[in-house]
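**Q** Take a look at structure.tsv, TSV, C-alpha atoms and all ligand atoms:
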chain	number	residue	atom	x	y	z
M	1	MET	CA	-19.05	0.86	-15.55
M	2	LYS	CA	-17.01	-2.17	-16.68
M	3	ARG	CA	-13.36	-2.22	-15.55
M	4	GLU	CA	-12.02	-1.93	-19.13
M	5	ASP	CA	-14.31	1.00	-19.94
M	6	LEU	CA	-13.36	2.77	-16.74
M	7	ILE	CA	-9.66	2.27	-17.48
M	8	ALA	CA	-10.05	3.53	-21.06
M	9	SER	CA	-11.91	6.64	-19.89
M	10	VAL	CA	-9.48	7.53	-17.09
M	11	ARG	CA	-6.50	6.84	-19.35
M	12	ALA	CA	-7.89	9.28	-21.93
M	13	ALA	CA	-8.09	12.01	-19.27
M	14	MET	CA	-4.33	12.16	-18.68
M	15	PRO	CA	-0.96	12.06	-20.47
M	16	GLU	CA	0.51	8.58	-20.98
M	17	LYS	CA	3.21	9.22	-18.34
M	18	ARG	CA	0.56	9.84	-15.68
M	19	TRP	CA	-1.34	6.74	-16.81
M	20	LYS	CA	1.86	4.69	-16.30
M	21	HIS	CA	2.02	6.13	-12.76
M	22	THR	CA	-1.63	5.14	-12.26
M	23	GLU	CA	-0.87	1.57	-13.39
M	24	GLY	CA	1.97	1.50	-10.86
M	25	VAL	CA	-0.40	2.68	-8.12
M	26	MET	CA	-2.96	0.00	-9.14
M	27	GLU	CA	-0.37	-2.76	-8.99
M	28	THR	CA	1.05	-1.54	-5.66
M	29	ALA	CA	-2.37	-0.96	-4.09
M	30	VAL	CA	-3.41	-4.55	-4.92
M	31	LEU	CA	-0.14	-5.86	-3.53
M	32	LEU	CA	-0.49	-3.87	-0.29
M	33	ALA	CA	-4.14	-4.91	0.08
M	34	ASN	CA	-3.15	-8.57	-0.22
M	35	ARG	CA	-0.26	-8.06	2.20
M	36	PHE	CA	-2.21	-6.21	4.90
M	37	GLY	CA	-5.68	-7.75	4.73
M	38	GLY	CA	-7.36	-5.09	2.59
M	39	ASP	CA	-9.76	-5.55	-0.30
M	40	PRO	CA	-7.72	-5.71	-3.54
M	41	GLU	CA	-10.70	-4.88	-5.78
M	42	ARG	CA	-11.62	-1.72	-3.92
M	43	ALA	CA	-7.96	-0.75	-3.64
M	44	GLU	CA	-7.61	-1.11	-7.40
M	45	LEU	CA	-10.76	0.91	-8.09
M	46	ALA	CA	-9.53	3.81	-5.91
M	47	ALA	CA	-6.09	3.58	-7.56
M	48	ILE	CA	-7.55	3.73	-11.08
M	49	LEU	CA	-9.43	6.92	-10.24
M	50	HIS	CA	-7.05	8.63	-7.79
M	51	ASP	CA	-5.57	11.11	-10.30
M	52	VAL	CA	-8.62	11.44	-12.58
M	53	ALA	CA	-8.89	15.20	-11.93
M	54	LYS	CA	-5.14	15.87	-12.05
M	55	TYR	CA	-5.32	17.59	-15.45
M	56	TRP	CA	-8.48	19.58	-14.94
M	57	PRO	CA	-8.14	23.34	-15.23
M	58	THR	CA	-7.54	24.86	-11.78
M	59	GLU	CA	-10.85	26.74	-11.83
M	60	ARG	CA	-12.79	23.53	-12.55
M	61	MET	CA	-11.15	21.84	-9.55
M	62	ALA	CA	-11.89	24.85	-7.32
M	63	GLU	CA	-15.49	25.09	-8.51
M	64	THR	CA	-16.05	21.36	-7.94
M	65	ILE	CA	-14.59	21.54	-4.41
M	66	ARG	CA	-16.74	24.60	-3.57
M	67	GLU	CA	-19.91	22.95	-4.89
M	68	ASP	CA	-19.17	19.74	-3.01
M	69	GLY	CA	-18.38	21.64	0.19
M	70	ARG	CA	-16.57	18.85	2.06
M	71	SER	CA	-12.92	19.83	1.53
M	72	THR	CA	-13.10	23.60	1.01
M	73	ASP	CA	-10.22	24.15	3.50
M	74	VAL	CA	-7.84	22.74	0.88
M	75	LEU	CA	-8.47	25.80	-1.31
M	76	ASP	CA	-6.24	27.83	1.08
M	77	TYR	CA	-3.32	25.50	0.26
M	78	ASP	CA	-1.23	24.45	-2.73
M	79	LYS	CA	-3.21	23.78	-5.92
M	80	GLU	CA	-1.31	20.47	-6.21
M	81	LEU	CA	-3.60	19.18	-3.47
M	82	TRP	CA	-6.86	20.04	-5.19
M	83	HIS	CA	-7.05	17.13	-7.63
M	84	ALA	CA	-7.66	14.69	-4.77
M	85	PRO	CA	-10.98	16.05	-3.44
M	86	ALA	CA	-12.00	17.05	-6.99
M	87	GLY	CA	-11.23	13.48	-8.12
M	88	ALA	CA	-13.44	12.01	-5.39
M	89	VAL	CA	-16.36	14.11	-6.63
M	90	ALA	CA	-15.62	13.06	-10.24
M	91	ALA	CA	-15.49	9.39	-9.24
M	92	GLU	CA	-18.93	9.65	-7.68
M	93	ARG	CA	-20.60	11.97	-10.16
M	94	ASP	CA	-19.01	10.98	-13.49
M	95	TYR	CA	-18.09	7.33	-12.85
M	96	GLY	CA	-20.92	6.28	-10.55
M	97	VAL	CA	-18.75	5.06	-7.68
M	98	THR	CA	-20.96	4.72	-4.60
M	99	ASP	CA	-18.53	3.05	-2.18
M	100	ALA	CA	-17.84	5.78	0.40
M	101	GLU	CA	-14.55	4.21	1.48
M	102	VAL	CA	-13.28	4.15	-2.10
M	103	LEU	CA	-14.34	7.79	-2.53
M	104	ASP	CA	-12.54	8.79	0.69
M	105	ALA	CA	-9.41	6.90	-0.37
M	106	ILE	CA	-9.39	9.12	-3.48
M	107	ARG	CA	-10.26	12.30	-1.51
M	108	TYR	CA	-7.40	11.83	0.98
M	109	HIS	CA	-4.81	10.19	-1.27
M	110	THR	CA	-2.46	13.21	-1.25
M	111	SER	CA	-2.99	14.67	2.22
M	112	GLY	CA	-4.04	11.77	4.41
M	113	ARG	CA	-6.09	12.61	7.50
M	114	GLU	CA	-6.62	11.62	11.11
M	115	GLY	CA	-8.21	8.19	11.54
M	116	MET	CA	-7.33	6.87	8.09
M	117	THR	CA	-9.06	3.65	7.05
M	118	LEU	CA	-7.05	0.66	5.83
M	119	LEU	CA	-8.05	1.49	2.25
M	120	GLU	CA	-6.98	5.14	2.62
M	121	LYS	CA	-3.60	4.02	3.98
M	122	ILE	CA	-3.11	1.55	1.13
M	123	VAL	CA	-3.87	4.08	-1.61
M	124	TRP	CA	-1.82	6.88	0.03
M	125	LEU	CA	1.22	4.61	0.32
M	126	ALA	CA	0.79	3.01	-3.11
M	127	ASP	CA	0.87	6.51	-4.63
M	128	TYR	CA	4.13	7.20	-2.79
M	129	ILE	CA	6.05	3.98	-3.50
M	130	GLU	CA	4.74	2.66	-6.84
M	131	PRO	CA	7.60	1.28	-8.98
M	132	GLY	CA	7.83	4.45	-11.12
M	133	ARG	CA	8.67	6.63	-8.11
M	134	ASP	CA	12.37	7.39	-7.83
M	135	PHE	CA	13.48	9.85	-5.17
M	136	PRO	CA	15.96	9.73	-2.31
M	137	GLY	CA	14.54	7.61	0.48
M	138	VAL	CA	11.91	5.70	-1.50
M	139	HIS	CA	13.80	2.41	-0.99
M	140	LYS	CA	13.63	2.82	2.79
M	141	ILE	CA	9.86	3.37	2.64
M	142	ARG	CA	9.46	0.28	0.40
M	143	GLU	CA	11.43	-1.72	2.96
M	144	LEU	CA	9.22	-0.52	5.82
M	145	ALA	CA	6.15	-1.36	3.72
M	146	GLU	CA	7.26	-5.00	3.61
M	147	HIS	CA	6.17	-5.30	7.25
M	148	SER	CA	4.21	-2.28	8.46
M	149	LEU	CA	1.80	-0.05	6.58
M	150	GLU	CA	1.77	2.41	9.48
M	151	ARG	CA	5.54	2.68	9.90
M	152	ALA	CA	5.93	3.19	6.16
M	153	LEU	CA	3.25	5.91	6.22
M	154	ILE	CA	4.85	7.72	9.17
M	155	ALA	CA	8.21	7.74	7.38
M	156	ALA	CA	6.66	8.82	4.07
M	157	MET	CA	4.61	11.62	5.63
M	158	SER	CA	7.68	12.77	7.56
M	159	GLY	CA	9.47	12.94	4.19
M	160	THR	CA	6.66	14.93	2.56
M	161	ILE	CA	6.51	17.41	5.45
M	162	ALA	CA	10.32	17.75	5.60
M	163	PHE	CA	10.36	18.41	1.83
M	164	LEU	CA	7.76	21.17	2.19
M	165	LEU	CA	9.61	22.74	5.15
M	166	GLU	CA	12.87	22.65	3.20
M	167	LYS	CA	11.18	24.44	0.29
M	168	GLY	CA	9.69	27.04	2.64
M	169	LYS	CA	6.18	25.98	1.62
M	170	ARG	CA	2.99	25.94	3.64
M	171	VAL	CA	1.85	22.54	4.95
M	172	TYR	CA	-1.78	21.48	4.63
M	173	PRO	CA	-2.49	20.52	8.28
M	174	LEU	CA	-4.32	17.26	7.47
M	175	THR	CA	-0.96	15.60	6.72
M	176	VAL	CA	0.46	16.74	10.07
M	177	MET	CA	-2.66	15.45	11.82
M	178	ALA	CA	-2.46	12.15	9.94
M	179	ARG	CA	1.17	11.69	10.96
M	180	ASN	CA	0.54	12.64	14.61
M	181	ASP	CA	-2.36	10.20	14.76
M	182	LEU	CA	-0.36	7.33	13.24
M	183	ILE	CA	2.54	7.95	15.64
M	184	THR	CA	0.20	8.04	18.65
M	185	ARG	CA	-1.41	4.74	17.65
M	186	GLU	CA	1.88	3.10	16.70
M	187	VAL	CA	4.29	4.19	19.42
M	188	GLY	CA	2.20	6.24	21.89
M	189	LEU	CA	2.78	9.85	22.91
K	201	LIG	N1	0.25	18.50	3.42
K	201	LIG	C1	0.65	19.03	2.28
K	201	LIG	N2	0.71	20.39	2.15
K	201	LIG	C2	1.12	20.96	1.01
K	201	LIG	N3	1.49	20.27	-0.08
K	201	LIG	C3	1.46	18.92	-0.01
K	201	LIG	C4	1.03	18.23	1.15
K	201	LIG	N4	1.08	16.90	0.91
K	201	LIG	C5	1.52	16.75	-0.35
K	201	LIG	N5	1.77	17.96	-0.92
K	201	LIG	C6	2.27	18.22	-2.26
K	201	LIG	O1	1.32	17.83	-3.19
K	201	LIG	C7	1.97	17.48	-4.41
K	201	LIG	C8	1.30	16.29	-5.06
K	201	LIG	O2	1.68	15.11	-4.44
K	201	LIG	P1	1.80	13.76	-5.25
K	201	LIG	O3	2.04	12.70	-4.23
K	201	LIG	O4	2.76	13.90	-6.36
K	201	LIG	O5	0.32	13.58	-5.80
K	201	LIG	P2	-0.19	12.74	-7.02
K	201	LIG	O6	0.67	11.53	-7.17
K	201	LIG	O7	-1.55	12.43	-6.63
K	201	LIG	O8	-0.09	13.64	-8.18
K	201	LIG	C9	3.44	17.30	-4.09
K	201	LIG	O9	4.15	18.41	-4.66
K	201	LIG	C10	3.49	17.38	-2.59
K	201	LIG	O10	4.67	18.00	-2.12
Would you kindly transcribe this structure into structure tokens?
**A**
Amino acid sequence: MKREDLIASVRAAMPEKRWKHTEGVMETAVLLANRFGGDPERAELAAILHDVAKYWPTERMAETIREDGRSTDVLDYDKELWHAPAGAVAAERDYGVTDAEVLDAIRYHTSGREGMTLLEKIVWLADYIEPGRDFPGVHKIRELAEHSLERALIAAMSGTIAFLLEKGKRVYPLTVMARNDLITREVGL
């Protein structure tokens, strides 16, 4: 599918506010890819599609995840997480994306996971710090992202987990595993 057609189709699948967020993620993902030696085109493609399933009915997301079978553990956790694996299936099935790294960057864009690829890190962080994001602490993460993708991710994932703990919510373990793994690689045990 041509870039403009893809953009028009994804844009039509969400409210304008969410499309503005997607544009912010595209811009940030390209910037981070250029900064850290990633592939800007693949980063942009994953960014365009990352929230494509965000507005699907819950049952459609659940059904898609069950059929696909790769991320069924997420169904035991907050529904807010479901659009990521459902979106990866949509990107492959409905938009013909065949690049496995792009598909995984979409699949893990909310949770992260152990052993994240450069592209997964770029898309995860771009989603967190795109210019439309405004929450306490986002400036600090943007500062860290000037120099280190990993240090920015550790701080951002710490923020996500702390937020969930504060709210008394359950934590999907992939994010904890992602953070542990990044810390081990970055600073050791
Ligand atoms: N490990 C996790 N366990 C449970 N909920 C999580 C986890 N990681 C993220 N979330 C929640 O998922 C929701 C969606 O995250 P968000 O970054 O806004 O996704 P998107 O930008 O793709 O819509 C947020 O409410 C966040 O708190």
**Q** Can you tell me which residues surround M:Ala46 at a distance of at most 6 Å, considering all atoms listed in the file, apart from same-chain residues fewer than 3 positions away, and format the answer as a PyMOL selection string?
**A** chain M and resi 43+49-50+102+106
**Q** May I ask which of the residues M:His21, M:Arg70, M:Arg11, M:Arg151 is the closest one to M:Val52, counting only C-alpha atoms?
**A**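 For M:Val52, the nearest of the candidates is M:Arg11.
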**Q** Where does chain M meet ligand LIG 201 (chain K) within 6 Å, residue by residue, with the nearest atom pair and distance in Å to one decimal for each, counting only C-alpha atoms and all ligand atoms, listed by chain and rising number, as a Markdown table?
**A**
| residue | atom | partner | partner_atom | distance |
| --- | --- | --- | --- | --- |
| M:Asp51 | CA | K:LIG201 | O7 | 5.6 |
| M:Asp78 | CA | K:LIG201 | C2 | 5.6 |
| M:Glu80 | CA | K:LIG201 | C7 | 4.8 |
| M:Leu81 | CA | K:LIG201 | O1 | 5.1 |
| M:Thr110 | CA | K:LIG201 | O5 | 5.3 |
| M:Ser111 | CA | K:LIG201 | N4 | 4.8 |
| M:Asp127 | CA | K:LIG201 | O6 | 5.6 |
| M:Thr160 | CA | K:LIG201 | O10 | 5.9 |
| M:Arg170 | CA | K:LIG201 | C2 | 5.9 |
| M:Val171 | CA | K:LIG201 | N2 | 3.7 |
| M:Tyr172 | CA | K:LIG201 | N2 | 3.7 |
| M:Pro173 | CA | K:LIG201 | N1 | 5.9 |
| M:Thr175 | CA | K:LIG201 | N1 | 4.6 |
**Q** Excluding M:Ala145 and its own-chain neighbours fewer than 6 positions away, which residues fall within 12 Å of it when counting all atoms listed in the file? Please give them as a ChimeraX atom specification.
**A** /M:28-29,31-33,35-36,121-122,125-126,128-130,138-139,151-156
**Q** Keeping C-alpha atoms for every residue in the selection just given, could you write it to a file as a compact mmCIF listing (two decimals), keeping the file's coordinate frame?
**A**
# COMPACT_ATOMS: atom_id res chain seq x y z
CA THR M 28 1.05 -1.54 -5.66
CA ALA M 29 -2.37 -0.96 -4.09
CA LEU M 31 -0.14 -5.86 -3.53
CA LEU M 32 -0.49 -3.87 -0.29
CA ALA M 33 -4.14 -4.91 0.08
CA ARG M 35 -0.26 -8.06 2.20
CA PHE M 36 -2.21 -6.21 4.90
CA LYS M 121 -3.60 4.02 3.98
CA ILE M 122 -3.11 1.55 1.13
CA LEU M 125 1.22 4.61 0.32
CA ALA M 126 0.79 3.01 -3.11
CA TYR M 128 4.13 7.20 -2.79
CA ILE M 129 6.05 3.98 -3.50
CA GLU M 130 4.74 2.66 -6.84
CA VAL M 138 11.91 5.70 -1.50
CA HIS M 139 13.80 2.41 -0.99
CA ARG M 151 5.54 2.68 9.90
CA ALA M 152 5.93 3.19 6.16
CA LEU M 153 3.25 5.91 6.22
CA ILE M 154 4.85 7.72 9.17
CA ALA M 155 8.21 7.74 7.38
CA ALA M 156 6.66 8.82 4.07
**Q** Between M:Leu45, M:Ala86, M:Glu23, M:His147, which has the minimum distance to M:Glu63 (counting only C-alpha atoms)?
**A**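 Of the candidates, the smallest distance to M:Glu63 is held by M:Ala86.
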**Q** If I take atom CA of M:Ala13 and atom CA of M:Gly132, how far is one from the other in Å, to one decimal?
**A** 19.4 Å
**Q** Grab the atom CA of M:Val187 to atom CA of M:Leu144 distance for me, in Å with one decimal place.
**A**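 These two atoms are separated by 15.2 Å.
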**Q** From the list M:Ile48, M:Leu6, M:Ala178, M:Ile183, which residue is nearest M:Met116 when using all atoms listed in the file?
**A**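 Closest candidate: M:Ala178.
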**Q** So what do you get for atom CA of M:Arg3 versus atom CA of M:Arg42, distance-wise?
**A**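 For atom CA of M:Arg3 relative to atom CA of M:Arg42, the distance reads 11.8 Å.
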**Q** Choose the residue, out of M:Ala53, M:Pro131, M:Asp94, M:Asp104, that has the smallest atom-to-atom separation from M:Lys79; count all atoms listed in the file.
**A**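 Among M:Ala53, M:Pro131, M:Asp94, M:Asp104, it is M:Ala53 that comes nearest to M:Lys79.
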**Q** Pick out the closest residue to M:Trp56 from this set: M:Leu149, M:Met14, M:Leu189, M:Ala162. Count all atoms listed in the file.
**A** M:Met14
**Q** Nearest to M:Asp181 among M:Glu146, M:Glu27, M:Glu114, M:Asp73, with distances taken over all atoms listed in the file: which residue is it?
**A**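 Of all the options, M:Glu114 lies closest to M:Asp181.
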